[in-house]
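Below: structure-v4.pdb (PDB, C-alpha atoms, pLDDT in the B column)
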ATOM      1  CA  MET A   1     -13.458   9.919  -9.525  1.00 62.00           C
ATOM      2  CA  ARG A   2     -10.267   9.076 -11.371  1.00 69.00           C
ATOM      3  CA  GLY A   3      -7.960  10.956 -13.672  1.00 75.00           C
ATOM      4  CA  TYR A   4      -8.165  10.294 -17.399  1.00 76.00           C
ATOM      5  CA  ASP A   5      -4.454   9.433 -17.464  1.00 79.00           C
ATOM      6  CA  LEU A   6      -4.507   6.163 -15.526  1.00 74.00           C
ATOM      7  CA  ILE A   7      -0.699   6.062 -15.267  1.00 75.00           C
ATOM      8  CA  LYS A   8      -0.460   9.495 -13.625  1.00 78.00           C
ATOM      9  CA  ASP A   9      -3.763   9.403 -11.757  1.00 77.00           C
ATOM     10  CA  GLN A  10      -3.308  10.423  -8.101  1.00 76.00           C
ATOM     11  CA  SER A  11      -6.973  10.433  -7.024  1.00 75.00           C
ATOM     12  CA  PHE A  12      -6.277   7.379  -4.848  1.00 76.00           C
ATOM     13  CA  PHE A  13      -4.833   9.730  -2.228  1.00 76.00           C
ATOM     14  CA  LEU A  14      -8.088  11.686  -1.917  1.00 78.00           C
ATOM     15  CA  CYS A  15      -9.630   8.772  -0.050  1.00 78.00           C
ATOM     16  CA  HIS A  16      -9.627  10.495   3.351  1.00 77.00           C
ATOM     17  CA  LEU A  17     -11.804  13.410   2.179  1.00 79.00           C
ATOM     18  CA  GLN A  18     -15.335  14.015   3.421  1.00 79.00           C
ATOM     19  CA  ASN A  19     -18.193  14.042   0.909  1.00 78.00           C
ATOM     20  CA  THR A  20     -19.111  17.541   2.103  1.00 83.00           C
ATOM     21  CA  VAL A  21     -15.986  19.027   0.501  1.00 83.00           C
ATOM     22  CA  LEU A  22     -16.141  17.212  -2.851  1.00 77.00           C
ATOM     23  CA  PRO A  23     -18.689  19.612  -4.450  1.00 81.00           C
ATOM     24  CA  PHE A  24     -16.214  22.459  -3.889  1.00 85.00           C
ATOM     25  CA  ILE A  25     -13.186  20.786  -5.489  1.00 82.00           C
ATOM     26  CA  GLU A  26     -12.210  21.170  -9.131  1.00 82.00           C
ATOM     27  CA  PHE A  27      -9.676  19.139 -11.107  1.00 82.00           C
ATOM     28  CA  PRO A  28      -8.930  21.276 -14.177  1.00 85.00           C
ATOM     29  CA  VAL A  29      -6.498  18.805 -15.781  1.00 84.00           C
ATOM     30  CA  GLY A  30      -8.196  15.636 -14.573  1.00 83.00           C
ATOM     31  CA  ASN A  31      -9.565  14.844 -18.035  1.00 86.00           C
ATOM     32  CA  MET A  32      -6.213  15.283 -19.798  1.00 88.00           C
ATOM     33  CA  MET A  33      -3.196  13.101 -20.469  1.00 89.00           C
ATOM     34  CA  LYS A  34       0.097  14.199 -18.912  1.00 87.00           C
ATOM     35  CA  SER A  35       1.541  14.723 -22.402  1.00 87.00           C
ATOM     36  CA  ASP A  36      -1.273  17.183 -23.199  1.00 90.00           C
ATOM     37  CA  VAL A  37      -0.639  19.091 -19.974  1.00 88.00           C
ATOM     38  CA  LYS A  38       3.046  19.437 -20.891  1.00 89.00           C
ATOM     39  CA  ARG A  39       2.121  20.589 -24.391  1.00 90.00           C
ATOM     40  CA  LEU A  40      -0.120  23.312 -22.967  1.00 89.00           C
ATOM     41  CA  ALA A  41       2.640  24.351 -20.559  1.00 88.00           C
ATOM     42  CA  ASN A  42       5.009  24.824 -23.502  1.00 89.00           C
ATOM     43  CA  GLU A  43       2.390  26.872 -25.347  1.00 89.00           C
ATOM     44  CA  MET A  44       2.049  29.094 -22.262  1.00 90.00           C
ATOM     45  CA  ASN A  45       5.837  29.684 -22.136  1.00 89.00           C
ATOM     46  CA  LEU A  46       6.266  27.430 -19.111  1.00 86.00           C
ATOM     47  CA  GLU A  47       9.012  25.365 -20.722  1.00 83.00           C
ATOM     48  CA  ARG A  48      10.985  25.002 -17.483  1.00 83.00           C
ATOM     49  CA  ILE A  49       8.007  23.341 -15.833  1.00 79.00           C
ATOM     50  CA  ALA A  50       7.138  21.235 -18.870  1.00 80.00           C
ATOM     51  CA  GLN A  51      10.682  19.884 -19.235  1.00 82.00           C
ATOM     52  CA  LYS A  52      11.294  19.255 -15.552  1.00 78.00           C
ATOM     53  CA  HIS A  53      12.193  15.665 -14.696  1.00 76.00           C
ATOM     54  CA  GLU A  54       9.462  13.784 -12.900  1.00 73.00           C
ATOM     55  CA  SER A  55      10.108  12.750  -9.319  1.00 68.00           C
ATOM     56  CA  MET A  56       9.847   9.104  -8.336  1.00 66.00           C
ATOM     57  CA  GLY A  57       9.215   7.724  -4.872  1.00 64.00           C
ATOM     58  CA  LEU A  58       9.581  10.148  -1.955  1.00 67.00           C
ATOM     59  CA  CYS A  59      10.654  13.285  -3.771  1.00 65.00           C
ATOM     60  CA  PHE A  60      11.679  15.115  -0.583  1.00 62.00           C
ATOM     61  CA  VAL A  61      14.188  12.363   0.260  1.00 69.00           C
ATOM     62  CA  GLY A  62      16.173  12.944  -2.915  1.00 67.00           C
ATOM     63  CA  LYS A  63      18.781  10.441  -4.074  1.00 70.00           C
ATOM     64  CA  ARG A  64      19.455   9.114  -0.586  1.00 71.00           C
ATOM     65  CA  LYS A  65      18.362   5.655   0.477  1.00 77.00           C
ATOM     66  CA  PHE A  66      15.212   5.775   2.575  1.00 77.00           C
ATOM     67  CA  SER A  67      16.925   3.871   5.401  1.00 78.00           C
ATOM     68  CA  ARG A  68      19.605   6.567   5.645  1.00 78.00           C
ATOM     69  CA  PHE A  69      16.981   9.308   5.594  1.00 82.00           C
ATOM     70  CA  ILE A  70      14.765   7.804   8.304  1.00 83.00           C
ATOM     71  CA  SER A  71      17.783   6.988  10.490  1.00 83.00           C
ATOM     72  CA  GLN A  72      18.314  10.732  10.942  1.00 84.00           C
ATOM     73  CA  PHE A  73      15.121  10.791  13.000  1.00 90.00           C
ATOM     74  CA  ILE A  74      14.864   7.257  14.426  1.00 90.00           C
ATOM     75  CA  PRO A  75      17.960   5.638  15.953  1.00 91.00           C
ATOM     76  CA  ASP A  76      19.060   2.198  14.806  1.00 90.00           C
ATOM     77  CA  ASN A  77      17.648  -0.699  16.803  1.00 93.00           C
ATOM     78  CA  ILE A  78      19.585  -3.847  15.969  1.00 93.00           C
ATOM     79  CA  GLY A  79      17.496  -7.020  15.922  1.00 94.00           C
ATOM     80  CA  TYR A  80      17.481 -10.531  14.536  1.00 94.00           C
ATOM     81  CA  ILE A  81      16.462 -11.718  11.085  1.00 94.00           C
ATOM     82  CA  LYS A  82      14.874 -15.163  11.145  1.00 94.00           C
ATOM     83  CA  LEU A  83      14.026 -17.523   8.322  1.00 93.00           C
ATOM     84  CA  ILE A  84      10.236 -17.812   8.301  1.00 93.00           C
ATOM     85  CA  GLU A  85      10.303 -21.489   7.321  1.00 91.00           C
ATOM     86  CA  THR A  86      12.504 -22.708  10.180  1.00 92.00           C
ATOM     87  CA  ASN A  87      12.703 -19.833  12.705  1.00 93.00           C
ATOM     88  CA  GLU A  88      16.486 -20.024  12.299  1.00 91.00           C
ATOM     89  CA  ILE A  89      18.443 -16.840  13.088  1.00 92.00           C
ATOM     90  CA  ILE A  90      20.313 -15.912   9.921  1.00 90.00           C
ATOM     91  CA  GLY A  91      21.583 -12.426  10.743  1.00 90.00           C
ATOM     92  CA  GLU A  92      20.738  -8.977  12.083  1.00 91.00           C
ATOM     93  CA  HIS A  93      18.944  -5.846  10.848  1.00 93.00           C
ATOM     94  CA  TYR A  94      19.304  -2.130  11.646  1.00 91.00           C
ATOM     95  CA  GLY A  95      15.728  -1.600  12.888  1.00 92.00           C
ATOM     96  CA  LEU A  96      12.176  -2.346  11.758  1.00 92.00           C
ATOM     97  CA  HIS A  97      11.682   1.277  10.676  1.00 91.00           C
ATOM     98  CA  CYS A  98      14.201   0.792   7.849  1.00 90.00           C
ATOM     99  CA  TYR A  99      12.286  -1.984   6.103  1.00 91.00           C
ATOM    100  CA  THR A 100       8.876  -2.810   4.665  1.00 90.00           C
ATOM    101  CA  ILE A 101       6.996  -5.980   3.780  1.00 92.00           C
ATOM    102  CA  GLY A 102       8.111  -7.465   0.460  1.00 93.00           C
ATOM    103  CA  GLN A 103      11.430  -5.607   0.420  1.00 92.00           C
ATOM    104  CA  ARG A 104      14.622  -7.479  -0.350  1.00 92.00           C
ATOM    105  CA  ILE A 105      16.886  -7.681   2.674  1.00 90.00           C
ATOM    106  CA  THR A 106      20.524  -8.583   3.249  1.00 86.00           C
ATOM    107  CA  PRO A 107      21.615  -9.442   6.809  1.00 83.00           C
ATOM    108  CA  ILE A 108      24.162  -7.068   8.348  1.00 74.00           C
ATOM    109  CA  ASN A 109      26.531  -9.978   8.887  1.00 70.00           C
ATOM    110  CA  LYS A 110      26.573 -11.656   5.501  1.00 68.00           C
ATOM    111  CA  GLU A 111      27.587 -15.087   6.752  1.00 71.00           C
ATOM    112  CA  TYR A 112      24.260 -16.671   5.790  1.00 74.00           C
ATOM    113  CA  LYS A 113      24.346 -18.154   2.307  1.00 77.00           C
ATOM    114  CA  SER A 114      21.163 -18.649   0.302  1.00 77.00           C
ATOM    115  CA  SER A 115      20.599 -19.794  -3.254  1.00 83.00           C
ATOM    116  CA  LYS A 116      17.691 -17.323  -3.448  1.00 90.00           C
ATOM    117  CA  PRO A 117      17.466 -13.648  -2.422  1.00 92.00           C
ATOM    118  CA  LEU A 118      15.657 -12.948   0.857  1.00 93.00           C
ATOM    119  CA  PHE A 119      12.482 -10.851   1.140  1.00 95.00           C
ATOM    120  CA  ILE A 120      10.686  -9.552   4.220  1.00 95.00           C
ATOM    121  CA  ALA A 121       7.534 -11.549   4.951  1.00 94.00           C
ATOM    122  CA  LYS A 122       6.715 -10.341   8.459  1.00 92.00           C
ATOM    123  CA  LYS A 123       7.872  -7.858  11.115  1.00 93.00           C
ATOM    124  CA  ASP A 124       7.474  -8.467  14.848  1.00 94.00           C
ATOM    125  CA  PRO A 125       7.616  -5.085  16.641  1.00 92.00           C
ATOM    126  CA  VAL A 126       7.386  -6.662  20.100  1.00 94.00           C
ATOM    127  CA  GLU A 127      10.434  -8.899  19.686  1.00 96.00           C
ATOM    128  CA  ASN A 128      12.124  -6.633  17.093  1.00 96.00           C
ATOM    129  CA  ILE A 129      12.424  -9.542  14.662  1.00 96.00           C
ATOM    130  CA  ILE A 130      12.204  -9.583  10.873  1.00 95.00           C
ATOM    131  CA  TYR A 131      11.078 -12.824   9.250  1.00 95.00           C
ATOM    132  CA  ALA A 132      12.559 -13.374   5.801  1.00 94.00           C
ATOM    133  CA  ALA A 133      11.417 -15.678   3.016  1.00 94.00           C
ATOM    134  CA  PRO A 134      13.673 -17.045   0.270  1.00 93.00           C
ATOM    135  CA  GLY A 135      12.561 -16.125  -3.245  1.00 93.00           C
ATOM    136  CA  THR A 136      10.384 -13.314  -4.556  1.00 93.00           C
ATOM    137  CA  ASN A 137       7.362 -15.605  -5.012  1.00 93.00           C
ATOM    138  CA  HIS A 138       7.476 -17.350  -1.651  1.00 94.00           C
ATOM    139  CA  PRO A 139       3.928 -18.054  -0.309  1.00 93.00           C
ATOM    140  CA  ALA A 140       4.630 -16.133   2.913  1.00 93.00           C
ATOM    141  CA  LEU A 141       4.868 -12.907   0.885  1.00 93.00           C
ATOM    142  CA  PHE A 142       1.269 -13.246  -0.296  1.00 93.00           C
ATOM    143  CA  THR A 143      -2.080 -12.928   1.439  1.00 90.00           C
ATOM    144  CA  LYS A 144      -5.602 -13.871   0.365  1.00 90.00           C
ATOM    145  CA  SER A 145      -7.515 -11.917   3.015  1.00 90.00           C
ATOM    146  CA  PHE A 146      -7.026  -9.290   5.708  1.00 88.00           C
ATOM    147  CA  TYR A 147      -8.811  -7.145   8.280  1.00 88.00           C
ATOM    148  CA  THR A 148      -8.978  -3.376   8.252  1.00 86.00           C
ATOM    149  CA  GLY A 149      -9.499  -0.763  10.890  1.00 84.00           C
ATOM    150  CA  ILE A 150     -12.771   1.159  11.214  1.00 84.00           C
ATOM    151  CA  PRO A 151     -13.651   2.444   7.719  1.00 85.00           C
ATOM    152  CA  HIS A 152     -14.102   6.039   6.679  1.00 83.00           C
ATOM    153  CA  TRP A 153     -17.025   6.169   4.234  1.00 84.00           C
ATOM    154  CA  ILE A 154     -17.139   9.041   1.772  1.00 80.00           C
ATOM    155  CA  ASN A 155     -20.861   8.353   1.639  1.00 77.00           C
ATOM    156  CA  GLU A 156     -22.788   6.247   4.112  1.00 79.00           C
ATOM    157  CA  MET A 157     -22.257   2.513   4.463  1.00 84.00           C
ATOM    158  CA  PRO A 158     -23.981   0.641   1.582  1.00 85.00           C
ATOM    159  CA  LEU A 159     -27.438  -0.603   2.500  1.00 87.00           C
ATOM    160  CA  LEU A 160     -26.665  -4.123   1.251  1.00 89.00           C
ATOM    161  CA  LEU A 161     -23.660  -4.318   3.572  1.00 89.00           C
ATOM    162  CA  LYS A 162     -25.835  -3.227   6.488  1.00 89.00           C
ATOM    163  CA  GLU A 163     -28.543  -5.762   5.690  1.00 90.00           C
ATOM    164  CA  THR A 164     -26.495  -8.812   4.702  1.00 93.00           C
ATOM    165  CA  GLY A 165     -23.075  -8.145   6.209  1.00 91.00           C
ATOM    166  CA  GLN A 166     -21.373  -8.561   2.816  1.00 93.00           C
ATOM    167  CA  TYR A 167     -20.747  -6.397  -0.225  1.00 92.00           C
ATOM    168  CA  GLN A 168     -18.968  -6.744  -3.579  1.00 91.00           C
ATOM    169  CA  CYS A 169     -16.841  -3.855  -4.819  1.00 89.00           C
ATOM    170  CA  ASP A 170     -13.397  -3.040  -6.241  1.00 87.00           C
ATOM    171  CA  PHE A 171     -10.255  -2.679  -4.132  1.00 86.00           C
ATOM    172  CA  ARG A 172      -6.844  -1.022  -4.489  1.00 84.00           C
ATOM    173  CA  PHE A 173      -3.990  -0.758  -2.005  1.00 82.00           C
ATOM    174  CA  GLN A 174      -1.507   1.122  -4.196  1.00 76.00           C
ATOM    175  CA  HIS A 175      -2.461   3.866  -6.596  1.00 69.00           C
ATOM    176  CA  LYS A 176      -0.790   2.217  -9.608  1.00 72.00           C
ATOM    177  CA  HIS A 177      -2.364  -1.186  -9.062  1.00 76.00           C
ATOM    178  CA  ARG A 178      -5.441  -2.010 -11.092  1.00 79.00           C
ATOM    179  CA  PRO A 179      -8.647  -2.427  -9.061  1.00 81.00           C
ATOM    180  CA  LEU A 180      -9.552  -5.971  -8.039  1.00 87.00           C
ATOM    181  CA  PRO A 181     -13.062  -7.289  -7.340  1.00 91.00           C
ATOM    182  CA  VAL A 182     -13.375  -8.265  -3.680  1.00 92.00           C
ATOM    183  CA  VAL A 183     -15.975  -9.235  -1.107  1.00 93.00           C
ATOM    184  CA  ILE A 184     -16.000  -7.176   2.082  1.00 92.00           C
ATOM    185  CA  SER A 185     -17.701  -8.419   5.234  1.00 93.00           C
ATOM    186  CA  LEU A 186     -18.596  -6.647   8.443  1.00 90.00           C
ATOM    187  CA  SER A 187     -16.454  -7.822  11.317  1.00 85.00           C
ATOM    188  CA  ASN A 188     -16.273  -7.015  15.005  1.00 78.00           C
ATOM    189  CA  ASN A 189     -16.253  -3.354  16.062  1.00 80.00           C
ATOM    190  CA  ASN A 190     -17.419  -2.255  12.582  1.00 81.00           C
ATOM    191  CA  THR A 191     -14.118  -3.218  10.972  1.00 87.00           C
ATOM    192  CA  LEU A 192     -14.042  -5.063   7.641  1.00 90.00           C
ATOM    193  CA  HIS A 193     -12.768  -8.426   6.504  1.00 90.00           C
ATOM    194  CA  VAL A 194     -11.610  -8.375   2.878  1.00 92.00           C
ATOM    195  CA  SER A 195     -11.497 -11.521   0.727  1.00 92.00           C
ATOM    196  CA  LEU A 196      -9.272 -11.217  -2.342  1.00 92.00           C
ATOM    197  CA  PRO A 197      -9.856 -13.138  -5.601  1.00 92.00           C
ATOM    198  CA  ILE A 198      -6.162 -14.026  -5.882  1.00 91.00           C
ATOM    199  CA  PRO A 199      -3.232 -13.891  -3.432  1.00 91.00           C
ATOM    200  CA  ILE A 200      -1.646 -10.429  -3.427  1.00 90.00           C
ATOM    201  CA  ARG A 201       2.018  -9.763  -2.670  1.00 91.00           C
ATOM    202  CA  SER A 202       3.283  -7.269  -0.103  1.00 89.00           C
ATOM    203  CA  ILE A 203       0.115  -5.870   1.437  1.00 87.00           C
ATOM    204  CA  CYS A 204       1.527  -4.003   4.429  1.00 85.00           C
ATOM    205  CA  PRO A 205       0.136  -2.852   7.774  1.00 82.00           C
ATOM    206  CA  GLY A 206      -0.544   0.885   7.652  1.00 81.00           C
ATOM    207  CA  GLN A 207      -1.430   1.121   3.962  1.00 83.00           C
ATOM    208  CA  TYR A 208      -4.645   2.620   2.679  1.00 82.00           C
ATOM    209  CA  ALA A 209      -7.241   0.071   1.629  1.00 85.00           C
ATOM    210  CA  VAL A 210      -9.412   1.902  -0.911  1.00 85.00           C
ATOM    211  CA  PHE A 211     -12.748   0.613  -2.192  1.00 84.00           C
ATOM    212  CA  TYR A 212     -14.728   1.686  -5.262  1.00 81.00           C
ATOM    213  CA  ASP A 213     -18.245   0.985  -6.446  1.00 78.00           C
ATOM    214  CA  GLU A 214     -18.247   2.260 -10.006  1.00 65.00           C
ATOM    215  CA  LYS A 215     -21.285   0.313 -11.164  1.00 52.00           C
ATOM    216  CA  LYS A 216     -23.484   2.608  -9.148  1.00 48.00           C
ATOM    217  CA  TYR A 217     -21.315   5.672  -8.635  1.00 37.00           C
ATOM    218  CA  GLN A 218     -18.722   7.388 -10.798  1.00 34.00           C
ATOM    219  CA  PHE A 219     -16.450   8.279  -7.922  1.00 35.00           C
ATOM    220  CA  VAL A 220     -14.674   6.667  -5.012  1.00 37.00           C
ATOM    221  CA  LEU A 221     -17.354   5.382  -2.679  1.00 34.00           C
ATOM    222  CA  HIS A 222     -15.860   3.475   0.215  1.00 37.00           C
ATOM    223  CA  ILE A 223     -12.571   4.361   1.787  1.00 35.00           C
ATOM    224  CA  LEU A 224     -10.669   2.987   4.724  1.00 38.00           C
ATOM    225  CA  LYS A 225      -8.433   5.152   6.836  1.00 35.00           C
ATOM    226  CA  ARG A 226      -4.814   4.290   7.263  1.00 32.00           C
ATOM    227  CA  ASN A 227      -5.026   1.554   9.874  1.00 34.00           C
ATOM    228  CA  LEU A 228      -3.163  -1.599  10.734  1.00 34.00           C
ATOM    229  CA  ILE A 229      -4.009  -4.517   8.497  1.00 37.00           C
ATOM    230  CA  HIS A 230      -3.887  -7.974  10.035  1.00 35.00           C
ATOM    231  CA  PHE A 231      -2.819 -10.830   7.801  1.00 35.00           C
ATOM    232  CA  PHE A 232      -3.415 -14.514   7.380  1.00 36.00           C
ATOM    233  CA  PHE A 233       0.087 -15.793   6.619  1.00 33.00           C
ATOM    234  CA  ARG A 234       0.844 -19.352   5.700  1.00 33.00           C
ATOM    235  CA  THR A 235       2.550 -20.779   8.747  1.00 30.00           C
ATOM    236  CA  TYR A 236       5.425 -23.205   8.862  1.00 30.00           C
ATOM    237  CA  PRO A 237       6.433 -25.692  11.559  1.00 29.00           C
TER     238      PRO A 237
END
Here is the file; what I need is its structure written in the form of structure tokens.
Amino acid sequence: MRGYDLIKDQSFFLCHLQNTVLPFIEFPVGNMMKSDVKRLANEMNLERIAQKHESMGLCFVGKRKFSRFISQFIPDNIGYIKLIETNEIIGEHYGLHCYTIGQRITPINKEYKSSKPLFIAKKDPVENIIYAAPGTNHPALFTKSFYTGIPHWINEMPLLLKETGQYQCDFRFQHKHRPLPVVISLSNNNTLHVSLPIPIRSICPGQYAVFYDEKKYQFVLHILKRNLIHFFFRTYP
């Protein structure tokens, strides 16, 4: 179940639905390109809607930085930034809530000098520490496998997964990313272990992990709820 316009398709976010409600949902523009929808809006004298600028990111935040927006609700919590390769303290941050995995970060005190920009590779909520990696393609920013929480299946668990403990399907973790073929395996407590074909950058705890089986079904089949994802990072001495 995907929109015809793959660039504007938002069906990824329907992953938490139950299969009992799907027969009662209609998507009247799901088989149209966004340009065709705008053309129809103009023909129906809805020019103001058709010519409205598209929102990017969190539309309700506006032009403010996300860190400034979230700081209105969560107070700053100063902590250390450490270099993931050496565990060296290189500066401070305003609070873990202001940052996400893969984001570029600049220490509050800009005394640390680096020939490469720094990116967040790991967050430690217990110690309130951010681990930074130099360079956008640093190995610590990538992962080849991860665990999920307990999955939410739109339909029942695939029989092959029940019988063998493994299953091949497609995976997405952001709605604009193309699906990747993966192997999922049953783990403890009915959680899943996901093996990726290539290392993927910036998979973050708390993201949706969405699974599709389009060879057999023409809609989203297997969905995981928003749960913490545990990573296998490359470690450094």
I want to know what sits within 12 Å of A:Ile78, based on only C-alpha atoms, with residues of the same chain fewer than 2 positions away left out; could you give that as an NGL selection string?
:A and (75-76 or 80-81 or 91-98 or 107-109 or 127-130)
Using C-alpha atoms, can you write the selected residues to a file as a CSV table (one decimal), in the coordinates of the input?
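Everything below was put into part-v3.csv:
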chain,number,residue,atom,x,y,z
A,75,PRO,CA,18.0,5.6,16.0
A,76,ASP,CA,19.1,2.2,14.8
A,80,TYR,CA,17.5,-10.5,14.5
A,81,ILE,CA,16.5,-11.7,11.1
A,91,GLY,CA,21.6,-12.4,10.7
A,92,GLU,CA,20.7,-9.0,12.1
A,93,HIS,CA,18.9,-5.8,10.8
A,94,TYR,CA,19.3,-2.1,11.6
A,95,GLY,CA,15.7,-1.6,12.9
A,96,LEU,CA,12.2,-2.3,11.8
A,97,HIS,CA,11.7,1.3,10.7
A,98,CYS,CA,14.2,0.8,7.8
A,107,PRO,CA,21.6,-9.4,6.8
A,108,ILE,CA,24.2,-7.1,8.3
A,109,ASN,CA,26.5,-10.0,8.9
A,127,GLU,CA,10.4,-8.9,19.7
A,128,ASN,CA,12.1,-6.6,17.1
A,129,ILE,CA,12.4,-9.5,14.7
A,130,ILE,CA,12.2,-9.6,10.9
Hey, what comes out of the PyMOL selection byres ((chain A and resi 182) around 10) on this file? Could you write it as a list in words?
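Going through the file, the PyMOL selection byres ((chain A and resi 182) around 10) ends up selecting Ser145, Tyr167, Gln168, Cys169, Asp170, Phe171, Arg172, Pro179, Leu180, Pro181, Val183, Ile184, Ser185, Val194, Ser195, Leu196, Pro197, Ile198 and Phe211 of chain A.
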Writer output for current selection, C-alpha atoms, as a compact mmCIF listing (two decimals), keeping the file's coordinate frame:
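Saved result, result26.txt, follows:
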# COMPACT_ATOMS: atom_id res chain seq x y z
CA SER A 145 -7.52 -11.92 3.02
CA TYR A 167 -20.75 -6.40 -0.22
CA GLN A 168 -18.97 -6.74 -3.58
CA CYS A 169 -16.84 -3.86 -4.82
CA ASP A 170 -13.40 -3.04 -6.24
CA PHE A 171 -10.26 -2.68 -4.13
CA ARG A 172 -6.84 -1.02 -4.49
CA PRO A 179 -8.65 -2.43 -9.06
CA LEU A 180 -9.55 -5.97 -8.04
CA PRO A 181 -13.06 -7.29 -7.34
CA VAL A 183 -15.98 -9.24 -1.11
CA ILE A 184 -16.00 -7.18 2.08
CA SER A 185 -17.70 -8.42 5.23
CA VAL A 194 -11.61 -8.38 2.88
CA SER A 195 -11.50 -11.52 0.73
CA LEU A 196 -9.27 -11.22 -2.34
CA PRO A 197 -9.86 -13.14 -5.60
CA ILE A 198 -6.16 -14.03 -5.88
CA PHE A 211 -12.75 0.61 -2.19
Here atom CA of A:Leu40 and atom CA of A:Cys15 stand apart by 28.8 Å
So that I can check the surroundings of A:Ile101, please list as a list in words every protein, DNA and RNA residue that reaches within 7 Å of it, counting all atoms listed in the file and ignoring chain neighbours fewer than 6 positions away.
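My list of contacting residues is Ile120, Ala121, Lys122, Ser202 and Cys204 of chain A.
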Writer output for current selection, C-alpha atoms, as a PDB file, keeping the file's coordinate frame:
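Result saved to out_35.pdb:
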ATOM      1  CA  ILE A 120      10.686  -9.552   4.220  1.00 95.00           C
ATOM      2  CA  ALA A 121       7.534 -11.549   4.951  1.00 94.00           C
ATOM      3  CA  LYS A 122       6.715 -10.341   8.459  1.00 92.00           C
ATOM      4  CA  SER A 202       3.283  -7.269  -0.103  1.00 89.00           C
ATOM      5  CA  CYS A 204       1.527  -4.003   4.429  1.00 85.00           C
TER       6      CYS A 204
END
I need the residue set behind the PyMOL selection byres ((chain A and resi 119) around 7) for this file; please write it as an mmCIF file with C-alpha atoms, in the coordinates of the input.
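Resulting contents of part.cif:
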data_model
loop_
_atom_site.group_PDB
_atom_site.id
_atom_site.type_symbol
_atom_site.label_atom_id
_atom_site.label_comp_id
_atom_site.auth_asym_id
_atom_site.auth_seq_id
_atom_site.Cartn_x
_atom_site.Cartn_y
_atom_site.Cartn_z
ATOM 1 C CA GLY A 102 8.111 -7.465 0.460
ATOM 2 C CA GLN A 103 11.430 -5.607 0.420
ATOM 3 C CA ARG A 104 14.622 -7.479 -0.350
ATOM 4 C CA ILE A 105 16.886 -7.681 2.674
ATOM 5 C CA PRO A 117 17.466 -13.648 -2.422
ATOM 6 C CA LEU A 118 15.657 -12.948 0.857
ATOM 7 C CA ILE A 120 10.686 -9.552 4.220
ATOM 8 C CA ALA A 121 7.534 -11.549 4.951
ATOM 9 C CA ALA A 132 12.559 -13.374 5.801
ATOM 10 C CA ALA A 133 11.417 -15.678 3.016
ATOM 11 C CA PRO A 134 13.673 -17.045 0.270
ATOM 12 C CA GLY A 135 12.561 -16.125 -3.245
ATOM 13 C CA THR A 136 10.384 -13.314 -4.556
#
Residues at most 12 Å from A:Leu6, counting only C-alpha atoms, excluding those fewer than 2 positions away in the same chain, as a ChimeraX atom specification?
/A:1-4,8-12,30-34,175-179
Closest to A:Asp213 among A:Asn155, A:Tyr112, A:Asn42, A:Phe27, using all atoms listed in the file?
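Among the listed residues, A:Asn155 lies closest to A:Asp213.
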Let me have the centre and edge lengths in Å, one decimal, of the box along x, y and z around every listed atom of stretch 179-190 of chain A with 8 Å of margin on each side, as JSON.
{"center_x": -13.6, "center_y": -5.7, "center_z": 3.5, "size_x": 25.9, "size_y": 23.0, "size_z": 41.1}
What is the atom CA of A:Glu85-atom CA of A:Lys113 distance in Å, reported with one decimal?
15.3 Å
Provide the atom CA of A:Asn77 to atom CA of A:Pro205 distance in Å, to one decimal place.
19.8 Å
Pop stretch 68-78 of chain A out of the structure in the block and write N, CA and C atoms as a PDB file, in the first residue's frame.
ATOM      1  N   ARG A  68      15.834  25.021  19.786  1.00  0.00           N
ATOM      2  CA  ARG A  68      15.208  26.149  20.481  1.00  0.00           C
ATOM      3  C   ARG A  68      13.753  25.835  20.805  1.00  0.00           C
ATOM      4  N   PHE A  69      13.085  25.150  19.892  1.00  0.00           N
ATOM      5  CA  PHE A  69      11.686  24.785  20.115  1.00  0.00           C
ATOM      6  C   PHE A  69      11.551  23.821  21.288  1.00  0.00           C
ATOM      7  N   ILE A  70      12.338  22.745  21.284  1.00  0.00           N
ATOM      8  CA  ILE A  70      12.201  21.722  22.320  1.00  0.00           C
ATOM      9  C   ILE A  70      12.655  22.237  23.678  1.00  0.00           C
ATOM     10  N   SER A  71      13.561  23.226  23.686  1.00  0.00           N
ATOM     11  CA  SER A  71      14.048  23.775  24.952  1.00  0.00           C
ATOM     12  C   SER A  71      12.981  24.580  25.683  1.00  0.00           C
ATOM     13  N   GLN A  72      11.882  24.910  25.004  1.00  0.00           N
ATOM     14  CA  GLN A  72      10.767  25.568  25.678  1.00  0.00           C
ATOM     15  C   GLN A  72      10.035  24.608  26.614  1.00  0.00           C
ATOM     16  N   PHE A  73      10.208  23.316  26.383  1.00  0.00           N
ATOM     17  CA  PHE A  73       9.479  22.311  27.151  1.00  0.00           C
ATOM     18  C   PHE A  73      10.398  21.440  28.003  1.00  0.00           C
ATOM     19  N   ILE A  74      11.665  21.311  27.586  1.00  0.00           N
ATOM     20  CA  ILE A  74      12.633  20.508  28.331  1.00  0.00           C
ATOM     21  C   ILE A  74      13.823  21.400  28.660  1.00  0.00           C
ATOM     22  N   PRO A  75      14.151  21.561  29.930  1.00  0.00           N
ATOM     23  CA  PRO A  75      15.266  22.453  30.287  1.00  0.00           C
ATOM     24  C   PRO A  75      16.604  21.896  29.811  1.00  0.00           C
ATOM     25  N   ASP A  76      17.545  22.801  29.570  1.00  0.00           N
ATOM     26  CA  ASP A  76      18.888  22.384  29.176  1.00  0.00           C
ATOM     27  C   ASP A  76      19.512  21.510  30.262  1.00  0.00           C
ATOM     28  N   ASN A  77      20.317  20.568  29.826  1.00  0.00           N
ATOM     29  CA  ASN A  77      21.008  19.662  30.749  1.00  0.00           C
ATOM     30  C   ASN A  77      22.431  19.480  30.227  1.00  0.00           C
ATOM     31  N   ILE A  78      23.307  20.377  30.632  1.00  0.00           N
ATOM     32  CA  ILE A  78      24.667  20.408  30.105  1.00  0.00           C
ATOM     33  C   ILE A  78      25.389  19.092  30.396  1.00  0.00           C
TER      34      ILE A  78
END
